[in-house]
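Data first, discussion second: the structure below is written as structure tokens.
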Amino acid sequence: MFIEGMEEEEILIVDDTPANLEVLFDCLDDAGFEVVVAKDGESALQKVEKEQPDLILLDVMMPGIDGFETCRRLKANPDSKDIPVIFMTALSDAADKIAGLSLGAVDYITKPFQQEEVLARVKVHLQLRKEIKQRTAAEAELAKLNQKLEKWVSERTAQLKQTIEQLQDAQLQQLVQKEKMSSIGQLVATVAHEINNPLSFISGNLTHAELYIKDLIAHLQLYQDKFPTPGAEIADHAEDIDLEFLMEDLCQLISSMKKGTDRIVQISVSLRNFSRADTKNKVAADIHEGIDTTLMILKHRLKARKNIPEIEIVKEYGELPLVECYPGQLNQVFMNILANAIDVFDEDSIGRDGTKRKANHNIITICTEVNCEHVTIKIKDNGPGMSSEVIQQIFDYLFTTKPAGKGTGLGLSISRQIVEEKHGGKLTVISAPGQGAEFAIALPLNC
Ligand SMILES: Nc1ncnc2c1ncn2[C@@H]1O[C@H](COP(=O)(O)OP(=O)(O)OP(=O)(O)O)[C@@H](O)[C@H]1O
Ligand SMILES: [Mg+2]
């Protein structure tokens, strides 16, 4: 008889009686099992050592080591302890049956054998063993998966924790930077406003002072014409104070004072424009005015300084319409981009150790143009440019190549946020080592 699915299963019969061996062999062989025989305990143990069967039928009474001892040794060996053992005992040996079961045997069959009974018990225990094996394998797999899952969960938790911490840190820094910018803006606006009153007082009075002085001088000249010989005391005094020069210089003095106050008025207007309190609503603004104001504020950094040559500004302004925007924030963008270009020129002119490196003709070109969809502002420098690795990171939060304390790495990331998130525009850069850098701000016209 051949039983499907059982052909691979191997059964070891251990018995010293050839007649028993023969009966069992035939019965199991007919049923489709692979059958191996051993005539005593020793050789059975050796066979198991070499190849482990799926089930052992074990006689109790044998020469040499008996069935109990064989079973004990099988159960003591981790490799064979899980192989089911069925004892074969005589019908009357109840004590043997109990002893065998307590040693770890799974069952017993009694002699003389009933073939159907032997087959039925063998099949049950093979099936049980198969199920136990499957369950053990499934449990091992589950334990492995569980371990993997726990590892993954703990890794993800650590990653998430780190991300949250980084995010909180970044948000905090951004908040501090925004707060700082807005308080600086407010301070500048307040100072510019406060300067305004005394300033208009001075410039207004200067106009009157100029008129009065002109009148006084005219009056004095009239005296000189009508009384050409005023006497020694007056002539001496006129000589002492160098009256001729005084009258000539006083007018020039007044006019340069007027120029000075005009300049202060201009600066005050620029400061107020630059820090416009326009965070609530967009307004139609003149982009060129914003750029010029920013340049005015940066003027002191554009002039030639010790070891640093002058930076020339070339303006190629197109005809731009007014653009709906937050002008104060856009000025901040112009400021960040222009300040970066000035920084690279400074760094390029003076090495970090303070020695003079080179004196290039440093140029920043600002070009503006409009098409039906966008206004584009391009700010280009002829500085050292950037490598592709640096370009990939310049808009990243806190990325800087500047020494500690010099750059925070926030300028461009905030600028991109202002251009792209606040204005729906695009801030891009084109650069290569030795080729300078060109930043382009594209602002949609219907934003
Ligand atoms: N015109 C440029 N030429 C060459 N490199 C530039 C230029 N503009 C920016 N970079 C590079 O981009 C980096 C990031 O610029 P970003 O303005 O974001 O930060 P930062 O200038 O380093 O610091 P800060 O926050 O003070 O502005 C700079 O450190 C610099 O390496
Ligand atoms: Mg910067």
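Chain labels run A, B, ... following the order of the structure tokens; each chain numbers its residues from 1, and ligands are numbered from 1 in the order shown.
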Under the rule of at most 12 Å, produce a per-residue listing of region 145-196 of chain A near region 327-348 of chain A: chain, number, name, the closest pair of atoms, and the distance in Å, as a tab-separated table, using only C-alpha atoms.
```
residue	atom	partner	partner_atom	distance
A:Lys178	CA	A:Gln329	CA	10.6
A:Met181	CA	A:Gln332	CA	8.9
A:Ser182	CA	A:Gln329	CA	9.9
A:Ile184	CA	A:Gln332	CA	11.7
A:Gly185	CA	A:Gly328	CA	8.8
A:Gln186	CA	A:Gly328	CA	11.2
A:Ala189	CA	A:Gly328	CA	11.2
```
Write out the residues from the selection above, keeping N, CA and C atoms, as a PDB file, in the first residue's frame.
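Output file out-v3.pdb follows:
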```
ATOM      1  N   LYS A 178      13.232  85.761  12.577  1.00  0.00           N
ATOM      2  CA  LYS A 178      12.133  86.618  12.117  1.00  0.00           C
ATOM      3  C   LYS A 178      11.875  87.723  13.130  1.00  0.00           C
ATOM      4  N   MET A 181      14.573  90.249  12.908  1.00  0.00           N
ATOM      5  CA  MET A 181      14.430  91.111  11.733  1.00  0.00           C
ATOM      6  C   MET A 181      13.305  92.104  11.967  1.00  0.00           C
ATOM      7  N   SER A 182      12.193  91.610  12.545  1.00  0.00           N
ATOM      8  CA  SER A 182      11.065  92.528  12.686  1.00  0.00           C
ATOM      9  C   SER A 182      11.364  93.563  13.755  1.00  0.00           C
ATOM     10  N   ILE A 184      14.390  94.692  14.466  1.00  0.00           N
ATOM     11  CA  ILE A 184      15.358  95.621  13.862  1.00  0.00           C
ATOM     12  C   ILE A 184      14.605  96.577  12.931  1.00  0.00           C
ATOM     13  N   GLY A 185      13.679  95.987  12.153  1.00  0.00           N
ATOM     14  CA  GLY A 185      12.874  96.791  11.245  1.00  0.00           C
ATOM     15  C   GLY A 185      12.121  97.880  11.990  1.00  0.00           C
ATOM     16  N   GLN A 186      11.497  97.496  13.098  1.00  0.00           N
ATOM     17  CA  GLN A 186      10.723  98.476  13.881  1.00  0.00           C
ATOM     18  C   GLN A 186      11.627  99.567  14.447  1.00  0.00           C
ATOM     19  N   ALA A 189      12.698 101.857  11.698  1.00  0.00           N
ATOM     20  CA  ALA A 189      11.592 102.733  11.313  1.00  0.00           C
ATOM     21  C   ALA A 189      11.376 103.818  12.364  1.00  0.00           C
TER      22      ALA A 189
END
```
Subject >> Selection near Val14 (chain A), 10 Å with only C-alpha atoms, sequence-local residues under 6 positions removed, as number ranges by chain >> reply: A: 20-21, 36-45, 56-60, 62, 67, 70, 87-88
Subject >> Interatomic distance, CA of Gln52 (chain A) to CA of Cys71 (chain A) (Å, one decimal) >> reply: 14.1 Å
**OP:** Excluding Gly104 (chain A) and residues on its chain fewer than 5 positions from it, collect all residues at most 9 Å away from it, counting only C-alpha atoms, and give them as a list in words.
**Re:** Cys71, Arg72, Lys75, Lys81, Pro84 and Val85 of chain A
**OP:** Apply DSSP to the structure's backbone, then extract all residues of region 286-408 of chain A labelled strand (DSSP E or B) and return them as a VMD selection string.
**Re:** chain A and resid 305 308 311 to 316 323 to 325 350 356 362 to 370 374 to 381
Only C-alpha atoms, please: the residues just picked out, written as a PDB file, in the first residue's frame.
```
ATOM      1  CA  ARG A 305      38.325  99.895   1.983  1.00  0.00           C
ATOM      2  CA  ILE A 308      39.354  95.652  -0.419  1.00  0.00           C
ATOM      3  CA  ILE A 311      32.560  97.071  -5.787  1.00  0.00           C
ATOM      4  CA  GLU A 312      30.969  98.496  -8.890  1.00  0.00           C
ATOM      5  CA  ILE A 313      27.217  98.269  -9.250  1.00  0.00           C
ATOM      6  CA  VAL A 314      25.944  98.005 -12.806  1.00  0.00           C
ATOM      7  CA  LYS A 315      22.218  98.537 -13.144  1.00  0.00           C
ATOM      8  CA  GLU A 316      20.450  97.223 -16.216  1.00  0.00           C
ATOM      9  CA  VAL A 323       4.381  94.683  -8.420  1.00  0.00           C
ATOM     10  CA  GLU A 324       1.910  93.508  -5.780  1.00  0.00           C
ATOM     11  CA  CYS A 325       4.213  92.370  -2.990  1.00  0.00           C
ATOM     12  CA  ILE A 350      41.540  89.339   1.860  1.00  0.00           C
ATOM     13  CA  LYS A 356      45.851  90.591   0.681  1.00  0.00           C
ATOM     14  CA  ASN A 362      34.520  93.470  -8.534  1.00  0.00           C
ATOM     15  CA  ILE A 363      31.175  93.981 -10.235  1.00  0.00           C
ATOM     16  CA  ILE A 364      27.615  93.283  -9.208  1.00  0.00           C
ATOM     17  CA  THR A 365      25.174  93.537 -12.089  1.00  0.00           C
ATOM     18  CA  ILE A 366      21.508  93.994 -11.319  1.00  0.00           C
ATOM     19  CA  CYS A 367      19.256  93.334 -14.235  1.00  0.00           C
ATOM     20  CA  THR A 368      15.472  93.575 -14.217  1.00  0.00           C
ATOM     21  CA  GLU A 369      13.036  92.548 -16.921  1.00  0.00           C
ATOM     22  CA  VAL A 370       9.392  91.773 -17.394  1.00  0.00           C
ATOM     23  CA  HIS A 374       6.815  87.529 -14.459  1.00  0.00           C
ATOM     24  CA  VAL A 375       9.036  90.266 -13.244  1.00  0.00           C
ATOM     25  CA  THR A 376      12.570  88.927 -12.971  1.00  0.00           C
ATOM     26  CA  ILE A 377      15.360  90.444 -10.937  1.00  0.00           C
ATOM     27  CA  LYS A 378      18.820  88.985 -11.611  1.00  0.00           C
ATOM     28  CA  ILE A 379      21.677  89.771  -9.257  1.00  0.00           C
ATOM     29  CA  LYS A 380      24.982  88.602 -10.684  1.00  0.00           C
ATOM     30  CA  ASP A 381      28.476  88.860  -9.285  1.00  0.00           C
TER      31      ASP A 381
END
```
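Closest approach to ligand 2 among A:Asn273, A:Asn205, A:Asn307, A:Thr408 is made by A:Thr408 (distances from only C-alpha atoms and all ligand atoms).
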Quick one: residues within 7 Å of ligand 1, with only C-alpha atoms and all ligand atoms, as a PDB file with N, CA and C atoms, in the first residue's frame?
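Once everything was written out, this is part-v9.pdb:
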```pdb
ATOM      1  N   ASN A 336      19.929  90.158   1.448  1.00  0.00           N
ATOM      2  CA  ASN A 336      20.634  88.889   1.681  1.00  0.00           C
ATOM      3  C   ASN A 336      21.503  88.515   0.487  1.00  0.00           C
ATOM      4  N   ILE A 337      20.943  88.657  -0.721  1.00  0.00           N
ATOM      5  CA  ILE A 337      21.696  88.248  -1.923  1.00  0.00           C
ATOM      6  C   ILE A 337      22.874  89.195  -2.157  1.00  0.00           C
ATOM      7  N   ASN A 340      25.598  88.662   0.440  1.00  0.00           N
ATOM      8  CA  ASN A 340      26.381  87.450   0.163  1.00  0.00           C
ATOM      9  C   ASN A 340      27.444  87.739  -0.899  1.00  0.00           C
ATOM     10  N   ALA A 341      27.045  88.469  -1.955  1.00  0.00           N
ATOM     11  CA  ALA A 341      28.012  88.783  -3.023  1.00  0.00           C
ATOM     12  C   ALA A 341      29.141  89.643  -2.452  1.00  0.00           C
ATOM     13  N   VAL A 344      31.532  87.482  -0.471  1.00  0.00           N
ATOM     14  CA  VAL A 344      32.502  86.669  -1.217  1.00  0.00           C
ATOM     15  C   VAL A 344      33.605  87.543  -1.808  1.00  0.00           C
ATOM     16  N   ASP A 381      27.160  88.347  -9.687  1.00  0.00           N
ATOM     17  CA  ASP A 381      28.476  88.860  -9.285  1.00  0.00           C
ATOM     18  C   ASP A 381      29.557  88.142 -10.072  1.00  0.00           C
ATOM     19  N   GLY A 383      32.304  87.083  -8.739  1.00  0.00           N
ATOM     20  CA  GLY A 383      33.132  86.509  -7.673  1.00  0.00           C
ATOM     21  C   GLY A 383      33.585  85.091  -7.998  1.00  0.00           C
ATOM     22  N   PRO A 384      34.008  84.348  -6.964  1.00  0.00           N
ATOM     23  CA  PRO A 384      34.593  83.022  -7.198  1.00  0.00           C
ATOM     24  C   PRO A 384      33.586  81.924  -7.557  1.00  0.00           C
ATOM     25  N   GLY A 385      32.289  82.209  -7.432  1.00  0.00           N
ATOM     26  CA  GLY A 385      31.286  81.193  -7.774  1.00  0.00           C
ATOM     27  C   GLY A 385      31.246  80.059  -6.756  1.00  0.00           C
ATOM     28  N   MET A 386      30.516  78.993  -7.104  1.00  0.00           N
ATOM     29  CA  MET A 386      30.320  77.882  -6.151  1.00  0.00           C
ATOM     30  C   MET A 386      30.460  76.541  -6.857  1.00  0.00           C
ATOM     31  N   VAL A 390      28.106  72.769  -3.162  1.00  0.00           N
ATOM     32  CA  VAL A 390      27.649  73.931  -2.376  1.00  0.00           C
ATOM     33  C   VAL A 390      26.302  74.408  -2.917  1.00  0.00           C
ATOM     34  N   ILE A 394      22.815  75.495  -0.734  1.00  0.00           N
ATOM     35  CA  ILE A 394      22.768  76.882  -0.252  1.00  0.00           C
ATOM     36  C   ILE A 394      21.401  77.337   0.276  1.00  0.00           C
ATOM     37  N   PHE A 395      20.311  76.705  -0.226  1.00  0.00           N
ATOM     38  CA  PHE A 395      18.996  77.119   0.272  1.00  0.00           C
ATOM     39  C   PHE A 395      18.581  76.316   1.505  1.00  0.00           C
ATOM     40  N   LEU A 398      20.312  76.656   7.706  1.00  0.00           N
ATOM     41  CA  LEU A 398      21.563  76.684   8.480  1.00  0.00           C
ATOM     42  C   LEU A 398      22.802  76.264   7.683  1.00  0.00           C
ATOM     43  N   PHE A 399      22.684  76.160   6.331  1.00  0.00           N
ATOM     44  CA  PHE A 399      23.905  75.824   5.582  1.00  0.00           C
ATOM     45  C   PHE A 399      24.744  77.084   5.385  1.00  0.00           C
ATOM     46  N   THR A 400      25.990  77.000   5.784  1.00  0.00           N
ATOM     47  CA  THR A 400      26.904  78.118   5.571  1.00  0.00           C
ATOM     48  C   THR A 400      28.312  77.604   5.345  1.00  0.00           C
ATOM     49  N   THR A 401      29.098  78.339   4.562  1.00  0.00           N
ATOM     50  CA  THR A 401      30.508  77.971   4.402  1.00  0.00           C
ATOM     51  C   THR A 401      31.364  78.998   5.142  1.00  0.00           C
ATOM     52  N   LYS A 402      30.673  79.912   5.815  1.00  0.00           N
ATOM     53  CA  LYS A 402      31.405  80.984   6.498  1.00  0.00           C
ATOM     54  C   LYS A 402      31.870  80.527   7.875  1.00  0.00           C
ATOM     55  N   LYS A 406      30.287  84.204  11.748  1.00  0.00           N
ATOM     56  CA  LYS A 406      30.174  85.139  10.614  1.00  0.00           C
ATOM     57  C   LYS A 406      28.876  84.944   9.841  1.00  0.00           C
ATOM     58  N   GLY A 407      28.529  83.679   9.607  1.00  0.00           N
ATOM     59  CA  GLY A 407      27.295  83.418   8.864  1.00  0.00           C
ATOM     60  C   GLY A 407      26.415  82.465   9.646  1.00  0.00           C
ATOM     61  N   THR A 408      25.101  82.712   9.578  1.00  0.00           N
ATOM     62  CA  THR A 408      24.203  81.787  10.280  1.00  0.00           C
ATOM     63  C   THR A 408      23.663  80.728   9.329  1.00  0.00           C
ATOM     64  N   GLY A 409      23.758  81.005   8.021  1.00  0.00           N
ATOM     65  CA  GLY A 409      23.207  80.055   7.049  1.00  0.00           C
ATOM     66  C   GLY A 409      21.702  80.188   6.931  1.00  0.00           C
ATOM     67  N   LEU A 410      21.176  81.361   7.314  1.00  0.00           N
ATOM     68  CA  LEU A 410      19.715  81.549   7.250  1.00  0.00           C
ATOM     69  C   LEU A 410      19.294  82.421   6.064  1.00  0.00           C
ATOM     70  N   GLY A 411      20.230  83.268   5.590  1.00  0.00           N
ATOM     71  CA  GLY A 411      19.892  84.281   4.588  1.00  0.00           C
ATOM     72  C   GLY A 411      19.128  83.732   3.395  1.00  0.00           C
ATOM     73  N   LEU A 412      19.703  82.745   2.723  1.00  0.00           N
ATOM     74  CA  LEU A 412      19.076  82.258   1.489  1.00  0.00           C
ATOM     75  C   LEU A 412      17.854  81.399   1.763  1.00  0.00           C
ATOM     76  N   SER A 413      17.866  80.674   2.893  1.00  0.00           N
ATOM     77  CA  SER A 413      16.688  79.836   3.150  1.00  0.00           C
ATOM     78  C   SER A 413      15.484  80.728   3.459  1.00  0.00           C
ATOM     79  N   GLY A 436      31.480  83.161 -11.086  1.00  0.00           N
ATOM     80  CA  GLY A 436      30.563  84.052 -10.395  1.00  0.00           C
ATOM     81  C   GLY A 436      29.257  83.347 -10.068  1.00  0.00           C
ATOM     82  N   ALA A 437      28.293  84.131  -9.596  1.00  0.00           N
ATOM     83  CA  ALA A 437      26.992  83.545  -9.245  1.00  0.00           C
ATOM     84  C   ALA A 437      25.892  84.488  -9.694  1.00  0.00           C
TER      85      ALA A 437
END
```
